[in-house]
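Q: Okay, handing you the structure first.
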Amino acid sequence: MSQGQNPFSGILVSGGKRYRIIDLPVHFGQALGELPVVLRLLLENAARNMQDGEREAAVAALLDWRGERRSNAEIAYQPGRVLMHDTTSTPALVDIAAMRDALAERGVDPSRLNARLPVQVSVDHSLAVEVHARPDAAKRNLEHELRRNRERYQFLRWAARAVQGVHVNPPGTGIMHTINLEQLATVVTVEQRDGEAWAVPDMMIGTDSHTPMVNGLGVLGWGVGGLEAQTVMFGMPILQRIPDVIGVRLSGALSPGVLATDLALYVTKCLRDMGVSGEFVEFFGPGVATLSAGERCVVANMAPEYGATTGYFPVDERSLDYLRETGRSEDAITLVRDTLQRLGLWFDPEASPLFTHVLDIDLSTLGMSVAGPRRPQDLMDYREVPGVLARERPPDGRSSPSMPTFPVAIAAITSCTNTSDPGLLMAAGILARKARARGLKVAEWVKTSLGPGSPAAENYLQRAGLLNDLAAVGFDIVGYGCTTCIGNSGPLPETIVRQAACGAVRPVAVLSGNRNFPGRIHPDLDLGFLMSPPLVVAYALSGDAAINFASQPLGHDDAGKPVMLDDIWPTRDEVQTCLKAGLDAADFRRAFVRAAANPLWASLDAPDSPCFPWDPASTTLRRPPFASLDQGSQLGDYLAWPLMVLGDDITTDHISPASAIPPDSLVADFLVQRGEDRNDLNVFASRRGNWEVMLRGAFHSKTLVNLLHPAAPVAHTLHVPSGQVLPLWEAASRYAAADQSLVLVAGHRYGTGSSRDWAAKVQRLLGLRAVLALSFERIHRSNLIGMGILPLRLPADRGPDALNIRPGDRIGVEADAASLQPRGEIAVRLERADGRVEHFTALADVQTRLEVEQLREGGVIPMILRRTLNAA
């Protein structure tokens with residue numbers, strides 16, 4: 001049946017043009033209003049894209065959701081576009097390059113393998129803060145980035161030429177999620193089907209966990225792993241269980257002085273306390289209407305931190321205001337309004353749809369807050385920080401006479417989370433202006449940086465008269481990328497390094513980012529607090545992370561008078577005045593186009609061939625062994641050694657770090673032996689095209705404790721048969737040589753954090769057949785399956801502590817490929833070294849039939865290759 005004959009279609013006329021639509025109100029009536037808007041969007045997507053028979057079943061299942069407000073039924077979701085960044089796109093495109101080689105070796109035209117959907121790649125994850133607090137910092141950091149990553153960027157340019165549908169936005173154009181908001185998101189888009197124009201909701205996925213930021217604008221999208229994205233790129237839909245939906249009812253309005261950051265951190269704490277893990281979240285109620293689209297995007301951005309797949313805000317006039325403010329045409333805005341109002345997708349502040357659970361938040365009760373010092377959900381009033389730090393381990397040596405016990409080592413206005421909303425940057429600038437007027441300076445040991453998500457920020461801050469004020473207190477723009485938030489904070493100040501080395505201080509990071517896991521911001525920092533941009537500036541001015549702003553001054557002015565935080569905190573009227581003076585809708589497109597025309601990027605040579613010419617001497621790009629038809633299923637019945645036993649909250653940063661490669665590490669030794677400079681090794685993320693480097697960097701974290709051998713050095717484990725403590729990759733190699741299976745055991749929230757597929761790939765390279773954990777974070781669970789690794793959910797009473805695994809214990813898993821089912825029971829036995837055997841049942845954390853198929857085929861890549869070969 002052609003789409004023109006779709007039984008759910010109707011006609012919309014907007015701006016004098018005729019469009020076909022999925023006419024939800026006509027076909028679903030009152031039932032439509034009872035569904036959360038996110039499920040209405042999934043209903044529209046299923047009705048538009050699924051085939052006869054399957055479509056009717058999916059529609060019925062979505063409507064039936066209203067009964068128990070949850071469902072085990074599966075539906076297909078077909079996004080219209082894919083968003084990637086450079087350090088997730090590089091491994092995905094390396095996989096594609098290797099898959100093209102595999103096809104060519106079997107006599108198939110490699111150029112058959114192309115993206116079926118538009119793929120936008122943003123080069124934003126490789127900018128490091130090497131230079132700061134000077135006017136030319138952005139220019140010099142960009143030059144460093146292009147020099148260090150030249151080979152990888154040439155590869156990306158090859159991919160943009162060779163792989164149809166892939167477009168690369170070069171360094172300096174901004175952070176992917178800000179680009180999505182300002183340049184790419186249409187909210188409603190026009191598709192041509194069977195010769196007719198269809199007006200459809202803009203729906204997408206991204207290979208970054210913070211993709212839900214665009215939910216704040218009313219676009220449905222979420223983060224997936226690079227492996228899942230590859231299946232979508234090649235035309236396969238995402239098959240998923242109809243989600244539970246948590247409704248967050250907002251009432252009241254934020255009090256003066258309270259910012260969107262404070263709301264985002266509060267939501268993160270509340271939803272984590274509820275145990276949210278993969279559910280969709282939707283915001284509703286009259287309080288939503290009090291928030292601008294920029295403020296909503298701050299809250300939506302932190303969906304992965306509060307454990308959700310989405311953080312969705314339906315579209316209203318505030319959403320259209322944002323489109324207008326960022327330069328969208330009035331015709332496009334009219335089409336958004338007409339389409340969503342006609343489809344029953346427009347926000348109604350008085351509506352109360354059905355939800356699986358509801359959380360009530362009165363915005364007027366929130367105060368200024370921070371989160372830390374190690375997790376985003378650990379919320380506190382900003383005045384509680386001194387008490388929290390007082391409970392931390394004091395420095396090992398004598399106190400420093402020149403700086404406080406807990407000095408602010410890094411103060412970074414960073415991340416799409418809090419720099420995409422112009423109001424938050426204006427607030428930081430206003431505080432800087434007032435501090436400058438009082439003669440305050442940043443302490444000399446503080447590394448300051450301002451890394452906006454958009455190059456338009458320079459224009460509107462300059463026009464508002466705040467750019468020089470920020471620079472005067474050390475917050476010069478260091479570039480337009482993820483910088484400190486992703487761990488590219490650059491070197492610490494020398495004075496901090498010296499004082500920390502002698503045990504005199506415990507350095508602290510303060511940032512406007514979204515994650516503060518130990519070692520994420522910088523390998524040598526295990527304390528970090530998340531906060532709003534103006535509060536970052538305040539902490540930088542103090543230099544003391546343990547300051548109590550309620551009773552202690554940030555400093556003293558030229559007359560010797562104390563300057564309190566309340567004296568210089570920005571007011572809402574001041575922010576609005578600066579927004580009115582600074583914003584120009586033309587800035588956003590103009591600044592983006594200018595940045596995209598960077599001649600340094602354009603000058604990079606790139607191969608022009610359907611297959612990529614690998615350089616065997618490269619330390620950046622190597623053909624990966626798993627991108628092959630030789631990768632078989634790892635399911636079956638087996639007895640395995642535990643390679644590692646870990647605790648709770650093991651992040652993807654623990655598993656596969658993105659930060660700087662330590663010069664004294666075995667990874668550094670490997671690179672130096674191949675001609676690299678030990679003092680200029682770049683970051684782990686820049687080596688994601690080289691599987692040998694990533695394998696050696698697996699679980700390279702100072703804060704990780706391997707319970708199998710707690711005293712083991714970083715990235716080492718006990719090779720039980722020999723009794724030797726070895727680097728992980730070497731121990732795994734010995735087990736493989738002896739044809740011995742391996743598993744890993746962990747606690748709650750295994751794989752929390754970034755979406756990086758390399759966190760799963762390194763585990764496949766290490767030979768893991770299964771990971772047994774008390775719970776998994778959604779994207780990492782999907783990535784494990786994508787690499788053919790079975791995620792097994794342990795019973796609540798069988799966590800790592802209860803199992804008490806000791807050297808010599810082995811784990812039996814009965815995971816027969818033929819009988820594996822979504823959420824099926826798997827028999828597990830623990831064979832103790834002393835001969836005792838304990839039996840229990842784990843749950844296969846496999847949600848769909850497609851995931852079962854992936855495990856049976858050995859992962860996503862062999863599945864794609866076999867389908868391409870069959871089609872040829």
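Scheme for the structure tokens: letters A, B, ... for chains in order shown; per-chain residue numbers from 1; ligand numbers from 1 in order shown.
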With only C-alpha atoms as the counted atoms, please give the residues lying no more than 6 Å from stretch 149-163 of chain A, apart from itself and same-chain residues fewer than 5 positions off, as number ranges by chain.

A: A: 114, 606-607, 610

Q: Give me a file of those residues, with all heavy atoms, as a CSV table (one decimal), in the first residue's frame.

A:
```csv
chain,number,residue,atom,x,y,z
A,114,ASN,N,25.7,2.5,2.2
A,114,ASN,CA,25.5,4.0,2.4
A,114,ASN,C,24.4,4.2,3.4
A,114,ASN,O,23.6,3.4,3.6
A,114,ASN,CB,25.1,4.6,1.0
A,114,ASN,CG,26.3,4.8,0.1
A,114,ASN,OD1,27.3,5.4,0.4
A,114,ASN,ND2,26.2,4.1,-1.1
A,606,ALA,N,41.9,14.6,1.7
A,606,ALA,CA,41.2,13.4,2.0
A,606,ALA,C,41.2,12.5,0.8
A,606,ALA,O,41.1,12.9,-0.3
A,606,ALA,CB,39.8,13.7,2.5
A,607,PRO,N,41.3,11.2,1.1
A,607,PRO,CA,41.2,10.2,-0.1
A,607,PRO,C,39.9,10.3,-0.8
A,607,PRO,O,38.8,10.7,-0.2
A,607,PRO,CB,41.3,8.8,0.6
A,607,PRO,CG,41.9,9.1,2.0
A,607,PRO,CD,41.4,10.5,2.4
A,610,PRO,N,36.1,4.5,-2.8
A,610,PRO,CA,35.0,3.9,-2.1
A,610,PRO,C,35.5,3.1,-0.8
A,610,PRO,O,34.7,3.0,0.1
A,610,PRO,CB,34.4,2.9,-3.1
A,610,PRO,CG,35.4,2.7,-4.1
A,610,PRO,CD,36.2,4.0,-4.2
```

Q: Would you pick out the contacts of stretch 805-813 of chain A at 9 Å or less, using only C-alpha atoms, so that residues sharing its chain but fewer than 5 positions from it are not included, and give the list as a list in words?

A: Gly636, Asp637, Tyr638, Leu639, Ala640, Trp641, Pro642, Val645, Leu707, Leu708, His709, Leu718, His719, Val720, Pro721, Gly723, Leu742, Val743, Ala770, Pro800, Ile826, Ala827, Val828, Arg829, Leu830, Glu831, Arg832, Ala833 and Asp834 of chain A

Q: When DSSP is applied to the backbone of this structure, which of stretch 211-442 of chain A are assigned strand (DSSP E)? Write them out as a count of residues only.

A: 41

Q: Pick out the residues sitting within 12 Å of A:Asp566, and hand them over as a ChimeraX atom specification; count only C-alpha atoms, and ignore anything fewer than 3 positions along from it in its own chain.

A: /A:256-257,368,431,434-435,534-535,538,549-554,562-563,569-571

Q: Find the nearest atom pair between each residue of stretch 362-445 of chain A and stretch 259-283 of chain A for residues within 10 Å, count only C-alpha atoms, give distances in Å to one decimal, sort rows by chain and ascending number, and present the table as a Markdown table.

A:
```
| residue | atom | partner | partner_atom | distance |
| --- | --- | --- | --- | --- |
| A:Leu363 | CA | A:Leu263 | CA | 7.7 |
| A:Leu366 | CA | A:Leu263 | CA | 7.2 |
| A:Gly367 | CA | A:Asp262 | CA | 7.0 |
| A:Met368 | CA | A:Asp262 | CA | 5.9 |
| A:Ser369 | CA | A:Asp262 | CA | 5.6 |
| A:Val370 | CA | A:Leu265 | CA | 7.3 |
| A:Ala371 | CA | A:Leu265 | CA | 6.8 |
| A:Arg375 | CA | A:Lys269 | CA | 9.9 |
| A:Pro376 | CA | A:Leu265 | CA | 7.2 |
| A:Gln377 | CA | A:Lys269 | CA | 4.4 |
| A:Asp378 | CA | A:Lys269 | CA | 6.5 |
| A:Leu379 | CA | A:Lys269 | CA | 6.2 |
| A:Met380 | CA | A:Tyr266 | CA | 9.0 |
| A:Asp381 | CA | A:Asp262 | CA | 9.6 |
| A:Thr417 | CA | A:Thr261 | CA | 8.4 |
| A:Asn418 | CA | A:Thr261 | CA | 7.0 |
| A:Asp421 | CA | A:Ala260 | CA | 9.2 |
| A:Gly423 | CA | A:Leu259 | CA | 9.3 |
| A:Leu424 | CA | A:Leu259 | CA | 7.8 |
| A:Ala427 | CA | A:Leu259 | CA | 9.3 |
```

Q: For C-alpha atoms, I'd like the residues from the last selection saved as a tab-separated table (two decimals), in the first residue's frame.

A:
```
chain	number	residue	atom	x	y	z
A	363	LEU	CA	8.82	25.64	40.92
A	366	LEU	CA	13.29	25.66	44.51
A	367	GLY	CA	16.44	27.48	45.58
A	368	MET	CA	19.98	27.96	44.31
A	369	SER	CA	21.78	24.63	44.32
A	370	VAL	CA	24.78	22.61	43.24
A	371	ALA	CA	25.35	18.88	42.74
A	375	ARG	CA	27.43	12.41	41.01
A	376	PRO	CA	24.92	14.70	39.25
A	377	GLN	CA	22.03	13.46	41.42
A	378	ASP	CA	23.69	14.43	44.70
A	379	LEU	CA	21.89	17.75	45.12
A	380	MET	CA	22.50	20.30	47.86
A	381	ASP	CA	21.83	23.91	48.66
A	417	THR	CA	23.59	21.99	29.01
A	418	ASN	CA	24.05	25.52	30.32
A	421	ASP	CA	20.41	29.19	26.69
A	423	GLY	CA	19.92	33.83	29.37
A	424	LEU	CA	22.38	31.76	31.42
A	427	ALA	CA	23.60	35.95	33.85
```

Q: Among stretch 388-480 of chain A, which residues carry a DSSP assignment of alpha helix (DSSP H), reported as a ChimeraX atom specification?

A: /A:388-390,416-419,422-437,456-463,467-472

Q: Set the distance at 12 Å and use only C-alpha atoms: which residues neighbour A:Gly490 once local chain neighbours fewer than 5 positions away are removed? I'd like the list as a PyMOL selection string.

A: chain A and resi 126-132+141+144-145+409-410+412+447-449+478+483-485+521-524+659-661+680+682-683

Q: With a distance cut-off of 10 Å and only C-alpha atoms, select the neighbouring residues of A:Gly479, excluding the residue or stretch itself and same-chain residues fewer than 6 positions from it, and output the selection as a PDB file with N, CA and C atoms, in the first residue's frame.

A:
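Contents of the output file around-v2.pdb:
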```
ATOM      1  N   ASP A 124      32.922  18.330  17.674  1.00  0.00           N
ATOM      2  CA  ASP A 124      32.836  19.169  18.874  1.00  0.00           C
ATOM      3  C   ASP A 124      33.494  18.561  20.111  1.00  0.00           C
ATOM      4  N   LEU A 127      38.005  19.478  21.163  1.00  0.00           N
ATOM      5  CA  LEU A 127      38.599  20.760  21.523  1.00  0.00           C
ATOM      6  C   LEU A 127      39.021  20.742  22.988  1.00  0.00           C
ATOM      7  N   ALA A 128      40.303  20.978  23.239  1.00  0.00           N
ATOM      8  CA  ALA A 128      40.841  20.976  24.611  1.00  0.00           C
ATOM      9  C   ALA A 128      41.223  22.388  25.021  1.00  0.00           C
ATOM     10  N   VAL A 129      41.145  22.645  26.323  1.00  0.00           N
ATOM     11  CA  VAL A 129      41.494  23.964  26.863  1.00  0.00           C
ATOM     12  C   VAL A 129      42.997  23.985  27.152  1.00  0.00           C
ATOM     13  N   VAL A 131      44.891  26.638  26.055  1.00  0.00           N
ATOM     14  CA  VAL A 131      45.147  28.063  26.271  1.00  0.00           C
ATOM     15  C   VAL A 131      43.882  28.678  26.839  1.00  0.00           C
ATOM     16  N   HIS A 132      44.030  29.520  27.852  1.00  0.00           N
ATOM     17  CA  HIS A 132      42.855  30.131  28.471  1.00  0.00           C
ATOM     18  C   HIS A 132      43.217  31.506  28.998  1.00  0.00           C
ATOM     19  N   ASP A 136      43.274  35.457  22.471  1.00  0.00           N
ATOM     20  CA  ASP A 136      43.456  34.569  21.318  1.00  0.00           C
ATOM     21  C   ASP A 136      43.293  33.097  21.691  1.00  0.00           C
ATOM     22  N   ALA A 137      42.699  32.802  22.841  1.00  0.00           N
ATOM     23  CA  ALA A 137      42.589  31.418  23.304  1.00  0.00           C
ATOM     24  C   ALA A 137      41.818  30.551  22.303  1.00  0.00           C
ATOM     25  N   ALA A 138      40.693  31.047  21.793  1.00  0.00           N
ATOM     26  CA  ALA A 138      39.880  30.237  20.880  1.00  0.00           C
ATOM     27  C   ALA A 138      40.665  29.904  19.612  1.00  0.00           C
ATOM     28  N   LYS A 139      41.352  30.884  19.059  1.00  0.00           N
ATOM     29  CA  LYS A 139      42.131  30.663  17.831  1.00  0.00           C
ATOM     30  C   LYS A 139      43.236  29.649  18.064  1.00  0.00           C
ATOM     31  N   ARG A 140      43.947  29.792  19.162  1.00  0.00           N
ATOM     32  CA  ARG A 140      45.075  28.899  19.422  1.00  0.00           C
ATOM     33  C   ARG A 140      44.611  27.480  19.763  1.00  0.00           C
ATOM     34  N   ASN A 141      43.520  27.359  20.508  1.00  0.00           N
ATOM     35  CA  ASN A 141      43.015  26.017  20.828  1.00  0.00           C
ATOM     36  C   ASN A 141      42.520  25.290  19.577  1.00  0.00           C
ATOM     37  N   LEU A 142      41.897  26.034  18.657  1.00  0.00           N
ATOM     38  CA  LEU A 142      41.449  25.424  17.408  1.00  0.00           C
ATOM     39  C   LEU A 142      42.648  24.949  16.581  1.00  0.00           C
ATOM     40  N   PRO A 171      35.139  21.706  13.016  1.00  0.00           N
ATOM     41  CA  PRO A 171      35.439  22.297  14.319  1.00  0.00           C
ATOM     42  C   PRO A 171      35.140  23.792  14.315  1.00  0.00           C
ATOM     43  N   GLY A 172      34.638  24.267  15.444  1.00  0.00           N
ATOM     44  CA  GLY A 172      34.343  25.691  15.586  1.00  0.00           C
ATOM     45  C   GLY A 172      32.911  26.062  15.295  1.00  0.00           C
ATOM     46  N   THR A 173      32.117  25.119  14.765  1.00  0.00           N
ATOM     47  CA  THR A 173      30.719  25.435  14.450  1.00  0.00           C
ATOM     48  C   THR A 173      29.797  25.266  15.653  1.00  0.00           C
ATOM     49  N   GLY A 174      30.324  24.682  16.745  1.00  0.00           N
ATOM     50  CA  GLY A 174      29.533  24.574  17.961  1.00  0.00           C
ATOM     51  C   GLY A 174      29.339  23.144  18.418  1.00  0.00           C
ATOM     52  N   SER A 449      37.567  29.144  32.090  1.00  0.00           N
ATOM     53  CA  SER A 449      37.290  28.987  30.661  1.00  0.00           C
ATOM     54  C   SER A 449      35.817  29.213  30.377  1.00  0.00           C
ATOM     55  N   LEU A 450      35.547  29.708  29.178  1.00  0.00           N
ATOM     56  CA  LEU A 450      34.197  29.884  28.669  1.00  0.00           C
ATOM     57  C   LEU A 450      34.141  29.196  27.307  1.00  0.00           C
ATOM     58  N   GLY A 451      33.381  28.102  27.230  1.00  0.00           N
ATOM     59  CA  GLY A 451      33.257  27.342  25.988  1.00  0.00           C
ATOM     60  C   GLY A 451      31.805  27.245  25.570  1.00  0.00           C
ATOM     61  N   PRO A 452      31.268  28.261  24.902  1.00  0.00           N
ATOM     62  CA  PRO A 452      29.842  28.242  24.533  1.00  0.00           C
ATOM     63  C   PRO A 452      29.523  27.159  23.513  1.00  0.00           C
ATOM     64  N   GLY A 453      28.248  26.797  23.468  1.00  0.00           N
ATOM     65  CA  GLY A 453      27.807  25.800  22.497  1.00  0.00           C
ATOM     66  C   GLY A 453      27.640  26.351  21.108  1.00  0.00           C
ATOM     67  N   SER A 454      27.581  27.680  20.974  1.00  0.00           N
ATOM     68  CA  SER A 454      27.301  28.298  19.681  1.00  0.00           C
ATOM     69  C   SER A 454      28.260  29.448  19.414  1.00  0.00           C
ATOM     70  N   PRO A 455      28.763  29.558  18.168  1.00  0.00           N
ATOM     71  CA  PRO A 455      29.610  30.717  17.852  1.00  0.00           C
ATOM     72  C   PRO A 455      28.831  32.025  17.871  1.00  0.00           C
TER      73      PRO A 455
END
```

Q: Give me, as JSON lines, the closest atom pair and its distance (Å, one decimal) for every residue of stretch 28-96 of chain A within a cut-off of 8 Å of stretch 218-229 of chain A, counting only C-alpha atoms, rows sorted by chain and rising number.

A:
```
{"residue": "A:Val38", "atom": "CA", "partner": "A:Leu220", "partner_atom": "CA", "distance": 7.3}
{"residue": "A:Leu41", "atom": "CA", "partner": "A:Leu220", "partner_atom": "CA", "distance": 7.6}
{"residue": "A:Val82", "atom": "CA", "partner": "A:Ala229", "partner_atom": "CA", "distance": 7.5}
{"residue": "A:Thr88", "atom": "CA", "partner": "A:Gly226", "partner_atom": "CA", "distance": 6.2}
{"residue": "A:Ser89", "atom": "CA", "partner": "A:Gly226", "partner_atom": "CA", "distance": 7.3}
{"residue": "A:Pro91", "atom": "CA", "partner": "A:Gly226", "partner_atom": "CA", "distance": 7.9}
{"residue": "A:Ala92", "atom": "CA", "partner": "A:Gly226", "partner_atom": "CA", "distance": 6.0}
```

Q: Would you write out those residues with N, CA and C atoms, as a short mmCIF file (atom, residue, chain, number, x, y, z; two decimals), in the first residue's frame?

A:
```
data_model
loop_
_atom_site.label_atom_id
_atom_site.label_comp_id
_atom_site.auth_asym_id
_atom_site.auth_seq_id
_atom_site.Cartn_x
_atom_site.Cartn_y
_atom_site.Cartn_z
N VAL A 38 4.36 12.21 24.17
CA VAL A 38 5.41 11.37 23.59
C VAL A 38 4.84 10.11 22.96
N LEU A 41 3.21 10.97 19.66
CA LEU A 41 4.23 11.07 18.61
C LEU A 41 4.65 9.70 18.11
N VAL A 82 19.75 11.40 11.76
CA VAL A 82 20.69 10.92 12.77
C VAL A 82 21.70 12.02 13.04
N THR A 88 32.03 9.76 18.40
CA THR A 88 31.16 8.60 18.19
C THR A 88 31.04 8.28 16.70
N SER A 89 31.11 9.31 15.86
CA SER A 89 31.03 9.05 14.42
C SER A 89 32.30 8.38 13.91
N PRO A 91 34.36 6.04 15.29
CA PRO A 91 34.30 4.58 15.35
C PRO A 91 33.20 3.99 14.48
N ALA A 92 32.05 4.67 14.38
CA ALA A 92 30.98 4.15 13.52
C ALA A 92 31.41 4.15 12.06
#
```

Q: Need the shell around stretch 318-329 of chain A: protein/DNA/RNA residues with any atom at most 10 Å away, counting only C-alpha atoms. Skip same-chain ones fewer than 2 positions apart. Format as a ChimeraX atom specification?

A: /A:181-183,185-187,216-218,288-294,296,313-316,331-334,336-337,456,583-590

Q: Hey, which of A:Glu692, A:Glu56, A:Asp649, A:Asp109 ends up closest to A:Phe670? Count only C-alpha atoms.

A: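 Once distances to A:Phe670 are computed over only C-alpha atoms, the minimum belongs to A:Glu692.
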
Q: For a test of reading the model, state the distance in Å between atom CA of A:Lys441 and atom CA of A:Ala133, rounded to one decimal.

A: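 We find that atom CA of A:Lys441 and atom CA of A:Ala133 lie 12.2 Å from each other.
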
Q: When you look at A:Ala871 with a cut-off of 12 Å (counting only C-alpha atoms), what residues show up, excluding the ones that are within fewer than 3 positions of it in the same chain? I need them as number ranges by chain.

A: A: 103, 108-109, 112-113, 864-868

Q: Could you write those residues out with C-alpha atoms, as a PDB file, in the first residue's frame?

A:
```pdb
ATOM      1  CA  LEU A 103      32.152  -6.609   1.160  1.00  0.00           C
ATOM      2  CA  VAL A 108      30.456  -6.988  -3.630  1.00  0.00           C
ATOM      3  CA  ASP A 109      30.593  -3.324  -4.641  1.00  0.00           C
ATOM      4  CA  ARG A 112      26.454  -0.290  -1.838  1.00  0.00           C
ATOM      5  CA  LEU A 113      26.912   0.442   1.863  1.00  0.00           C
ATOM      6  CA  ILE A 864      24.395  -5.539   8.725  1.00  0.00           C
ATOM      7  CA  LEU A 865      27.019  -7.299   6.623  1.00  0.00           C
ATOM      8  CA  ARG A 866      24.869 -10.402   6.117  1.00  0.00           C
ATOM      9  CA  ARG A 867      21.843  -8.319   5.144  1.00  0.00           C
ATOM     10  CA  THR A 868      23.917  -6.311   2.667  1.00  0.00           C
TER      11      THR A 868
END
```
